[in-house]
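Undergrad: My structure is in entry_10.csv, and what it holds is CSV, C-alpha atoms:
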```csv
chain,number,residue,atom,x,y,z
A,750,MET,CA,-21.2,9.6,-10.6
A,751,THR,CA,-18.0,10.4,-8.7
A,752,ALA,CA,-18.9,8.0,-5.9
A,753,PHE,CA,-19.5,5.2,-8.4
A,754,VAL,CA,-16.2,5.7,-10.2
A,755,LEU,CA,-14.4,5.6,-6.8
A,756,PHE,CA,-16.2,2.4,-6.0
A,757,VAL,CA,-15.1,0.7,-9.2
A,758,ILE,CA,-11.5,1.9,-8.9
A,759,CYS,CA,-11.2,0.8,-5.3
A,760,THR,CA,-12.9,-2.6,-6.0
A,761,LEU,CA,-10.5,-3.5,-8.9
A,762,ALA,CA,-7.4,-2.1,-7.1
A,763,SER,CA,-8.2,-3.9,-3.9
A,764,ALA,CA,-8.8,-7.2,-5.7
A,765,VAL,CA,-5.3,-7.0,-7.2
A,766,GLY,CA,-3.9,-5.6,-3.9
A,767,SER,CA,-5.4,-8.5,-1.9
A,768,ILE,CA,-3.8,-11.1,-4.2
A,769,VAL,CA,-0.2,-9.7,-4.0
A,770,GLY,CA,-0.4,-8.2,-0.6
A,771,ALA,CA,0.0,-4.6,-1.8
A,772,GLY,CA,-3.1,-3.3,-0.1
A,773,GLY,CA,-4.7,-1.6,-3.1
A,774,GLY,CA,-3.6,1.9,-2.1
A,775,VAL,CA,-0.6,1.7,-4.3
A,776,ILE,CA,-3.0,1.6,-7.3
A,777,ILE,CA,-5.8,3.8,-5.9
A,778,LYS,CA,-3.5,6.7,-5.1
A,779,PRO,CA,-1.8,7.1,-8.6
A,780,VAL,CA,-5.0,6.4,-10.5
A,781,LEU,CA,-7.0,9.0,-8.5
A,782,ASP,CA,-4.1,11.5,-8.8
A,783,MET,CA,-4.1,10.9,-12.6
A,784,ILE,CA,-7.8,11.5,-13.1
A,785,GLY,CA,-8.0,14.3,-10.5
A,786,LEU,CA,-11.3,13.5,-8.9
A,787,LEU,CA,-10.2,14.5,-5.4
A,788,PRO,CA,-7.5,16.7,-3.9
A,789,VAL,CA,-4.2,15.0,-3.2
A,790,SER,CA,-4.5,15.2,0.6
A,791,THR,CA,-8.1,13.7,0.5
A,792,VAL,CA,-6.9,10.9,-1.8
A,793,SER,CA,-4.1,10.0,0.7
A,794,PHE,CA,-6.5,9.9,3.7
A,795,CYS,CA,-9.4,8.1,2.0
A,796,SER,CA,-7.0,5.6,0.3
A,797,GLY,CA,-5.6,4.7,3.7
A,798,CYS,CA,-9.0,4.1,5.2
A,799,THR,CA,-9.9,1.9,2.1
A,800,VAL,CA,-6.7,-0.1,2.5
A,801,LEU,CA,-7.5,-0.7,6.2
A,802,GLY,CA,-10.9,-2.0,5.4
A,803,MET,CA,-9.6,-4.1,2.6
A,804,SER,CA,-6.8,-5.6,4.6
A,805,LEU,CA,-9.0,-6.6,7.5
A,806,CYS,CA,-11.5,-8.2,5.2
A,807,SER,CA,-8.9,-10.1,3.3
A,808,LEU,CA,-7.2,-11.4,6.5
A,809,ILE,CA,-10.5,-12.5,8.0
A,810,GLY,CA,-11.5,-14.2,4.7
A,811,SER,CA,-8.3,-16.1,4.5
A,812,ARG,CA,-7.9,-17.1,8.2
A,813,LYS,CA,-8.7,-20.8,7.5
A,814,GLY,CA,-6.5,-21.0,4.4
A,815,GLU,CA,-3.3,-23.0,4.2
A,816,ILE,CA,-1.0,-19.9,4.0
A,817,ARG,CA,0.1,-19.1,7.5
A,818,LEU,CA,1.0,-15.8,9.2
A,819,HIS,CA,4.5,-15.6,10.6
A,820,LEU,CA,3.1,-14.1,13.7
A,821,LYS,CA,6.4,-13.4,15.6
A,822,THR,CA,8.1,-11.7,12.7
A,823,SER,CA,5.0,-9.9,11.4
A,824,THR,CA,4.0,-8.7,14.8
A,825,LEU,CA,7.4,-7.1,15.3
A,826,LEU,CA,7.1,-5.5,11.9
A,827,ALA,CA,3.7,-4.3,12.8
A,828,ILE,CA,5.0,-2.7,16.0
A,829,GLY,CA,7.5,-0.9,13.9
A,830,ALA,CA,4.7,0.0,11.5
A,831,VAL,CA,2.8,1.8,14.3
A,832,CYS,CA,5.8,4.0,15.0
A,833,GLY,CA,6.6,4.5,11.4
A,834,GLY,CA,3.0,5.4,10.6
A,835,ILE,CA,3.1,8.3,13.0
A,836,VAL,CA,6.5,9.5,11.6
A,837,GLY,CA,5.2,9.1,8.0
A,838,LYS,CA,2.1,11.2,8.8
A,839,TRP,CA,4.2,13.9,10.4
A,840,LEU,CA,6.5,13.9,7.4
A,841,PHE,CA,3.5,14.2,5.1
A,842,GLU,CA,2.2,17.2,7.0
A,843,LEU,CA,5.6,18.8,7.0
A,844,VAL,CA,6.0,18.4,3.2
A,845,ARG,CA,2.4,19.6,2.6
A,846,SER,CA,3.0,22.8,4.7
A,847,ALA,CA,6.3,23.4,2.9
A,848,ALA,CA,4.9,22.7,-0.6
A,849,GLY,CA,2.2,25.4,-0.2
A,850,ASN,CA,-0.1,23.8,-2.7
A,851,GLU,CA,-1.5,20.4,-3.6
A,852,ASN,CA,0.3,20.2,-7.0
A,853,VAL,CA,3.7,20.3,-5.5
A,854,LEU,CA,2.7,17.8,-2.9
A,855,GLY,CA,1.4,15.5,-5.6
A,856,MET,CA,4.6,15.8,-7.6
A,857,VAL,CA,6.7,14.9,-4.6
A,858,GLN,CA,4.6,11.9,-3.8
A,859,ALA,CA,4.5,10.7,-7.4
A,860,ALA,CA,8.3,11.0,-7.7
A,861,CYS,CA,8.8,9.0,-4.5
A,862,LEU,CA,6.3,6.4,-5.4
A,863,THR,CA,7.7,5.9,-8.9
A,864,GLY,CA,11.3,5.7,-7.6
A,865,VAL,CA,10.5,3.2,-4.9
A,866,ASN,CA,8.5,1.0,-7.2
A,867,PHE,CA,11.1,1.1,-10.0
A,868,PHE,CA,13.6,-0.5,-7.6
A,869,VAL,CA,11.0,-3.0,-6.4
A,870,LEU,CA,10.4,-4.0,-10.0
A,871,LEU,CA,14.1,-4.5,-10.7
A,872,TYR,CA,14.4,-6.6,-7.6
A,873,VAL,CA,11.3,-8.8,-8.2
A,874,CYS,CA,12.4,-9.4,-11.8
A,875,ARG,CA,15.8,-10.7,-10.6
A,876,LYS,CA,14.7,-12.2,-7.3
A,877,ASP,CA,15.7,-15.7,-8.1
A,878,LYS,CA,19.3,-14.6,-8.7
A,879,ILE,CA,19.6,-12.7,-5.5
A,880,SER,CA,20.2,-14.4,-2.2
A,881,SER,CA,17.6,-13.7,0.5
A,882,GLY,CA,18.1,-13.8,4.3
A,883,HIS,CA,16.1,-14.4,7.4
A,884,VAL,CA,16.3,-11.5,9.9
A,885,THR,CA,15.5,-12.6,13.5
A,886,MET,CA,16.9,-10.0,15.8
A,887,PRO,CA,13.8,-8.1,17.2
A,888,ALA,CA,15.4,-4.7,17.0
A,889,ALA,CA,16.3,-5.2,13.4
A,890,VAL,CA,12.8,-6.5,12.5
A,891,ILE,CA,11.1,-3.5,14.2
A,892,THR,CA,13.5,-1.1,12.4
A,893,ILE,CA,12.5,-2.6,9.1
A,894,GLY,CA,8.8,-2.2,10.0
A,895,ILE,CA,9.4,1.5,10.8
A,896,PHE,CA,11.1,2.0,7.5
A,897,LEU,CA,8.2,0.4,5.6
A,898,SER,CA,5.5,2.3,7.4
A,899,VAL,CA,7.2,5.7,7.1
A,900,ILE,CA,7.2,5.3,3.3
A,901,SER,CA,3.7,3.9,3.0
A,902,SER,CA,2.2,6.5,5.4
A,903,PHE,CA,3.9,9.4,3.7
A,904,LEU,CA,2.7,8.2,0.2
A,905,GLY,CA,-0.8,7.3,1.4
A,906,ILE,CA,-0.6,3.8,-0.2
A,907,GLY,CA,-1.1,1.5,2.8
A,908,GLY,CA,1.8,-0.8,2.1
A,909,GLY,CA,2.4,-1.5,-1.5
A,910,PRO,CA,4.8,-3.8,-3.3
A,911,ILE,CA,7.7,-2.6,-1.2
A,912,ASN,CA,6.3,-4.6,1.7
A,913,VAL,CA,6.2,-7.7,-0.3
A,914,ALA,CA,9.7,-7.1,-1.7
A,915,VAL,CA,11.1,-6.6,1.8
A,916,LEU,CA,9.4,-9.8,3.0
A,917,PHE,CA,11.0,-11.7,0.1
A,918,PHE,CA,14.5,-10.3,0.7
A,919,PHE,CA,14.8,-10.1,4.5
A,920,PHE,CA,12.6,-13.0,5.5
A,921,SER,CA,12.8,-15.5,2.6
A,922,MET,CA,9.0,-15.7,2.3
A,923,GLU,CA,7.2,-17.2,-0.8
A,924,ALA,CA,4.9,-14.9,-2.7
A,925,LYS,CA,1.6,-16.0,-1.1
A,926,GLU,CA,3.1,-16.0,2.4
A,927,ALA,CA,4.5,-12.5,1.8
A,928,ALA,CA,1.1,-11.3,0.5
A,929,LYS,CA,-0.7,-12.4,3.7
A,930,ASN,CA,1.9,-11.2,6.1
A,931,SER,CA,2.1,-7.8,4.3
A,932,LEU,CA,-1.7,-7.3,4.8
A,933,TYR,CA,-1.3,-8.1,8.5
A,934,ILE,CA,1.4,-5.4,8.8
A,935,ILE,CA,-0.7,-2.9,6.7
A,936,VAL,CA,-3.6,-3.2,9.2
A,937,PHE,CA,-1.4,-1.8,12.0
A,938,SER,CA,0.3,0.8,9.8
A,939,GLN,CA,-3.0,2.2,8.7
A,940,ILE,CA,-4.6,2.2,12.1
A,941,SER,CA,-1.7,4.4,13.4
A,942,ASN,CA,-1.8,6.6,10.4
A,943,ILE,CA,-5.5,7.3,10.6
A,944,ALA,CA,-5.4,7.7,14.4
A,945,SER,CA,-2.5,10.2,14.0
A,946,ALA,CA,-4.5,12.2,11.5
A,947,ILE,CA,-7.5,12.3,13.9
A,948,VAL,CA,-5.5,13.2,17.0
A,949,THR,CA,-3.6,15.9,15.3
A,950,ASP,CA,-6.7,17.3,13.6
A,951,SER,CA,-5.2,17.0,10.2
A,952,VAL,CA,-7.9,15.0,8.5
A,953,PRO,CA,-8.6,16.7,5.1
A,954,GLU,CA,-12.0,17.6,3.9
A,955,PHE,CA,-13.9,14.8,2.2
A,956,LYS,CA,-17.5,13.7,1.5
A,957,TRP,CA,-18.8,10.7,3.5
A,958,ILE,CA,-20.4,9.2,0.4
A,959,HIS,CA,-17.0,9.1,-1.3
A,960,LEU,CA,-15.2,7.6,1.7
A,961,GLY,CA,-18.1,5.1,2.2
A,962,MET,CA,-18.0,3.9,-1.4
A,963,MET,CA,-14.3,3.6,-1.4
A,964,ILE,CA,-14.3,1.4,1.7
A,965,LEU,CA,-17.1,-0.7,0.2
A,966,GLY,CA,-15.0,-1.1,-2.9
A,967,GLY,CA,-12.1,-2.1,-0.8
A,968,ILE,CA,-14.1,-4.8,1.0
A,969,GLY,CA,-15.6,-6.0,-2.2
A,970,GLY,CA,-12.2,-6.2,-3.8
A,971,ALA,CA,-10.8,-8.1,-0.9
A,972,LEU,CA,-13.5,-10.7,-1.3
A,973,LEU,CA,-12.8,-11.0,-5.0
A,974,GLY,CA,-9.0,-11.2,-4.4
A,975,ASN,CA,-9.4,-14.1,-1.9
A,976,ILE,CA,-11.4,-16.1,-4.5
A,977,PHE,CA,-8.8,-15.6,-7.2
A,978,SER,CA,-5.8,-16.1,-4.8
A,979,ARG,CA,-7.0,-19.6,-3.8
A,980,LYS,CA,-6.7,-20.6,-7.5
A,981,MET,CA,-3.2,-19.2,-7.9
A,982,ASP,CA,0.3,-20.5,-7.0
A,983,ASN,CA,3.3,-18.5,-6.0
A,984,LYS,CA,4.5,-18.0,-9.6
A,985,ASP,CA,1.2,-16.7,-10.6
A,986,VAL,CA,1.2,-14.2,-7.7
A,987,GLU,CA,4.7,-13.0,-8.7
A,988,SER,CA,3.6,-12.5,-12.3
A,989,VAL,CA,0.7,-10.3,-11.1
A,990,LEU,CA,3.0,-8.4,-8.9
A,991,LYS,CA,5.4,-7.7,-11.8
A,992,VAL,CA,2.6,-6.4,-14.0
A,993,LEU,CA,1.2,-4.3,-11.1
A,994,VAL,CA,4.5,-2.6,-10.3
A,995,SER,CA,5.1,-1.9,-14.0
A,996,VAL,CA,1.7,-0.2,-14.3
A,997,ILE,CA,2.4,1.8,-11.1
A,998,VAL,CA,5.7,3.0,-12.5
A,999,CYS,CA,4.1,4.2,-15.7
A,1000,LEU,CA,1.3,5.9,-13.8
A,1001,GLY,CA,3.9,7.6,-11.6
A,1002,ILE,CA,5.8,9.0,-14.5
A,1003,TYR,CA,2.6,10.4,-16.0
A,1004,ASN,CA,1.7,12.0,-12.7
A,1005,ILE,CA,5.1,13.5,-12.2
A,1006,LEU,CA,4.8,15.2,-15.6
A,1007,LYS,CA,1.2,16.2,-14.9
A,1008,TYR,CA,2.0,17.9,-11.6
A,1009,SER,CA,5.2,19.5,-12.8
A,1010,MET,CA,3.2,21.3,-15.5
A,1011,LEU,CA,0.6,22.5,-13.0
A,1012,CYS,CA,3.1,23.8,-10.4
```
Please lay out the structure from this file as structure tokens.

TA:
Amino acid sequence: MTAFVLFVICTLASAVGSIVGAGGGVIIKPVLDMIGLLPVSTVSFCSGCTVLGMSLCSLIGSRKGEIRLHLKTSTLLAIGAVCGGIVGKWLFELVRSAAGNENVLGMVQAACLTGVNFFVLLYVCRKDKISSGHVTMPAAVITIGIFLSVISSFLGIGGGPINVAVLFFFFSMEAKEAAKNSLYIIVFSQISNIASAIVTDSVPEFKWIHLGMMILGGIGGALLGNIFSRKMDNKDVESVLKVLVSVIVCLGIYNILKYSMLC
């Protein structure tokens, strides 16, 4: 029963994540924390694996579409993401050791996730009134990639709306462009995050059936997301993003309260 619930959650989350470029982990993580099916550390690791499968599938499925990858910019961001993924994983292990129990770790992650997404929501709602730029200096682009990946790796969300918001603000991308390029960056970020966990022997305990069903859900969600994305324009994608971030903020507030009472 648990495996089936994980499959359904990951399928729905990944479908939405594929459309807006959020990766799905930003939904999977707070939802699983809320219902408490798995330990916090296990959710972070399995969510990252799911997001990797979903992002790869979504990119392959959309390779012949009209929305293009900004390969130079996104590759530099991906290089930064590899470095940031390692740092974020180290930070996660540091906080987990200092916290002493999963509830404190969950509260810290929920607070960070809620705060980040609250500011993303404010920005996305007022995006049309805020001037955007186009960063081209390689060192600056890599630094932005590091920043994005540190946050996503620490939170176990893959990428999330913060990726899309940064691509809006710093690189003047439209919503569907930002979604596709965000997924490209997420692939590299998650590879480094998972590899770091394996190399440092910090992979949490999990059941293979749970991980397998989550990854299958991620792939299924990516296929669904690609179908819906083809029928949507940039405004539609932005509207989905606003609803998604609003839901994430509400889930985050609930999880903060939940973990604070358990600590």

Undergrad: In Å, how far is it from CA of Asp982 (chain A) to CA of Ser811 (chain A)?

TA: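 Separating CA of Asp982 (chain A) from CA of Ser811 (chain A) is a distance of 15.0 Å.
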
Undergrad: Go through region 765-846 of chain A residue by residue and, counting all atoms listed in the file, keep those with an atom at most 10 Å from region 923-941 of chain A; for each kept residue give the shortest atom pair and its distance in Å to one decimal, ordered by chain and increasing number, as CSV.

TA:
```
residue,atom,partner,partner_atom,distance
A:Gly766,CA,A:Ala928,CA,8.8
A:Ser767,CA,A:Ala928,CA,7.5
A:Ile768,CA,A:Ala928,CA,6.8
A:Val769,CA,A:Ala928,CA,4.9
A:Gly770,CA,A:Ala928,CA,3.6
A:Ala771,CA,A:Ala928,CA,7.2
A:Gly772,CA,A:Leu932,CA,6.5
A:Phe794,CA,A:Gln939,CA,9.8
A:Ser796,CA,A:Gln939,CA,9.9
A:Gly797,CA,A:Gln939,CA,6.2
A:Cys798,CA,A:Gln939,CA,7.2
A:Thr799,CA,A:Gln939,CA,9.6
A:Val800,CA,A:Gln939,CA,7.6
A:Leu801,CA,A:Val936,CA,5.5
A:Gly802,CA,A:Val936,CA,8.3
A:Met803,CA,A:Leu932,CA,8.8
A:Ser804,CA,A:Leu932,CA,5.4
A:Leu805,CA,A:Val936,CA,6.6
A:Cys806,CA,A:Leu932,CA,9.8
A:Ser807,CA,A:Leu932,CA,7.9
A:Leu808,CA,A:Tyr933,CA,7.0
A:Ser811,CA,A:Lys929,CA,8.5
A:Arg812,CA,A:Lys929,CA,9.7
A:Glu815,CA,A:Glu926,CA,9.7
A:Ile816,CA,A:Glu926,CA,5.9
A:Arg817,CA,A:Glu926,CA,6.7
A:Leu818,CA,A:Asn930,CA,5.6
A:His819,CA,A:Asn930,CA,6.8
A:Leu820,CA,A:Asn930,CA,8.2
A:Thr822,CA,A:Asn930,CA,9.1
A:Ser823,CA,A:Asn930,CA,6.3
A:Thr824,CA,A:Ile934,CA,7.3
A:Leu825,CA,A:Ile934,CA,9.0
A:Leu826,CA,A:Ile934,CA,6.5
A:Ala827,CA,A:Ile934,CA,4.7
A:Ile828,CA,A:Phe937,CA,7.6
A:Gly829,CA,A:Ser938,CA,8.5
A:Ala830,CA,A:Ser938,CA,4.8
A:Val831,CA,A:Ser938,CA,5.2
A:Cys832,CA,A:Ser941,CA,7.7
A:Gly833,CA,A:Ser938,CA,7.5
A:Gly834,CA,A:Ser938,CA,5.4
A:Ile835,CA,A:Ser941,CA,6.2
A:Val836,CA,A:Ser941,CA,9.8
A:Gly837,CA,A:Ser938,CA,9.8
A:Lys838,CA,A:Ser941,CA,9.0
```

Undergrad: Write the residues of the selection above to a file with C-alpha atoms, as a compact mmCIF listing (two decimals), in the frame of the given file.

TA:
```txt
# COMPACT_ATOMS: atom_id res chain seq x y z
CA GLY A 766 -3.90 -5.60 -3.90
CA SER A 767 -5.40 -8.50 -1.90
CA ILE A 768 -3.80 -11.10 -4.20
CA VAL A 769 -0.20 -9.70 -4.00
CA GLY A 770 -0.40 -8.20 -0.60
CA ALA A 771 0.00 -4.60 -1.80
CA GLY A 772 -3.10 -3.30 -0.10
CA PHE A 794 -6.50 9.90 3.70
CA SER A 796 -7.00 5.60 0.30
CA GLY A 797 -5.60 4.70 3.70
CA CYS A 798 -9.00 4.10 5.20
CA THR A 799 -9.90 1.90 2.10
CA VAL A 800 -6.70 -0.10 2.50
CA LEU A 801 -7.50 -0.70 6.20
CA GLY A 802 -10.90 -2.00 5.40
CA MET A 803 -9.60 -4.10 2.60
CA SER A 804 -6.80 -5.60 4.60
CA LEU A 805 -9.00 -6.60 7.50
CA CYS A 806 -11.50 -8.20 5.20
CA SER A 807 -8.90 -10.10 3.30
CA LEU A 808 -7.20 -11.40 6.50
CA SER A 811 -8.30 -16.10 4.50
CA ARG A 812 -7.90 -17.10 8.20
CA GLU A 815 -3.30 -23.00 4.20
CA ILE A 816 -1.00 -19.90 4.00
CA ARG A 817 0.10 -19.10 7.50
CA LEU A 818 1.00 -15.80 9.20
CA HIS A 819 4.50 -15.60 10.60
CA LEU A 820 3.10 -14.10 13.70
CA THR A 822 8.10 -11.70 12.70
CA SER A 823 5.00 -9.90 11.40
CA THR A 824 4.00 -8.70 14.80
CA LEU A 825 7.40 -7.10 15.30
CA LEU A 826 7.10 -5.50 11.90
CA ALA A 827 3.70 -4.30 12.80
CA ILE A 828 5.00 -2.70 16.00
CA GLY A 829 7.50 -0.90 13.90
CA ALA A 830 4.70 0.00 11.50
CA VAL A 831 2.80 1.80 14.30
CA CYS A 832 5.80 4.00 15.00
CA GLY A 833 6.60 4.50 11.40
CA GLY A 834 3.00 5.40 10.60
CA ILE A 835 3.10 8.30 13.00
CA VAL A 836 6.50 9.50 11.60
CA GLY A 837 5.20 9.10 8.00
CA LYS A 838 2.10 11.20 8.80
```

Undergrad: Which of these, A:Ala848, A:Ile776, A:Ala764, A:Val792, has the shortest distance to Val996 (chain A) once you count only C-alpha atoms?

TA: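 Selected residue with least distance to Val996 (chain A): A:Ile776.
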
Undergrad: Would you kindly return, as number ranges by chain, each protein, DNA or RNA residue with an atom no farther than 10 Å from any atom of Lys956 (chain A), considering all atoms listed in the file and excluding same-chain residues fewer than 2 positions away?

TA: A: 752, 791, 795, 954, 958-961

Undergrad: Do you have the CA of Phe919 (chain A)-CA of His883 (chain A) distance handy?

TA: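 Going from CA of Phe919 (chain A) over to CA of His883 (chain A) covers 5.3 Å.
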
Undergrad: Tell me which residues come within 10 Å of (3.4, 10.9, -15.3), as a list in words, counting only C-alpha atoms in the file's coordinates.

TA: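 Those within range, by chain then number, are Pro779, Asp782, Met783, Met856, Ala859, Ala860, Thr863, Val998, Cys999, Leu1000, Gly1001, Ile1002, Tyr1003, Asn1004, Ile1005, Leu1006, Lys1007, Tyr1008 and Ser1009 of chain A.
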
Undergrad: Work out how far CA of Asn912 (chain A) is from CA of Gly894 (chain A), in Å to one decimal.

TA: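 Between these atoms lies a distance of 9.0 Å.
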
Undergrad: Determine the nearest neighbour of Ser995 (chain A) from the options A:Val789, A:Val865, A:Ile976, A:Val952, counting all atoms listed in the file.

TA: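 Counting all atoms listed in the file, the residue closest to Ser995 (chain A) is A:Val865.
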
Undergrad: Counting all atoms listed in the file, which residue out of A:Leu761, A:Val775, A:Leu786, A:Met963 sits closest to Ile911 (chain A)?

TA: A:Val775

Undergrad: Find the residues around Asn850 (chain A) up to 10 Å (only C-alpha atoms counted), leave out those fewer than 4 positions away in its own chain, and share them as a PyMOL selection string.

TA: chain A and resi 789+845-846+854-855+1012

Undergrad: Looking at A:Ser881, A:Asn942, A:Ser951, A:Ser901, which one is nearest to Met922 (chain A), with distances taken over all atoms listed in the file?

TA: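 Checking each candidate against Met922 (chain A), we get A:Ser881 as the closest.
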
Undergrad: Between A:Val989, A:Leu904, A:Leu972, A:Ile947, which residue has the minimum interatomic distance to Gln858 (chain A), considering only C-alpha atoms?

TA: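 Distance minimum relative to Gln858 (chain A) lands on A:Leu904.
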
Undergrad: Which residue is closest to Val915 (chain A)? Choose from A:Tyr872, A:Phe867, A:Phe903, A:Phe955 and count all atoms listed in the file.

TA: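 Answer, going by the shortest atom-to-atom distance: A:Tyr872.
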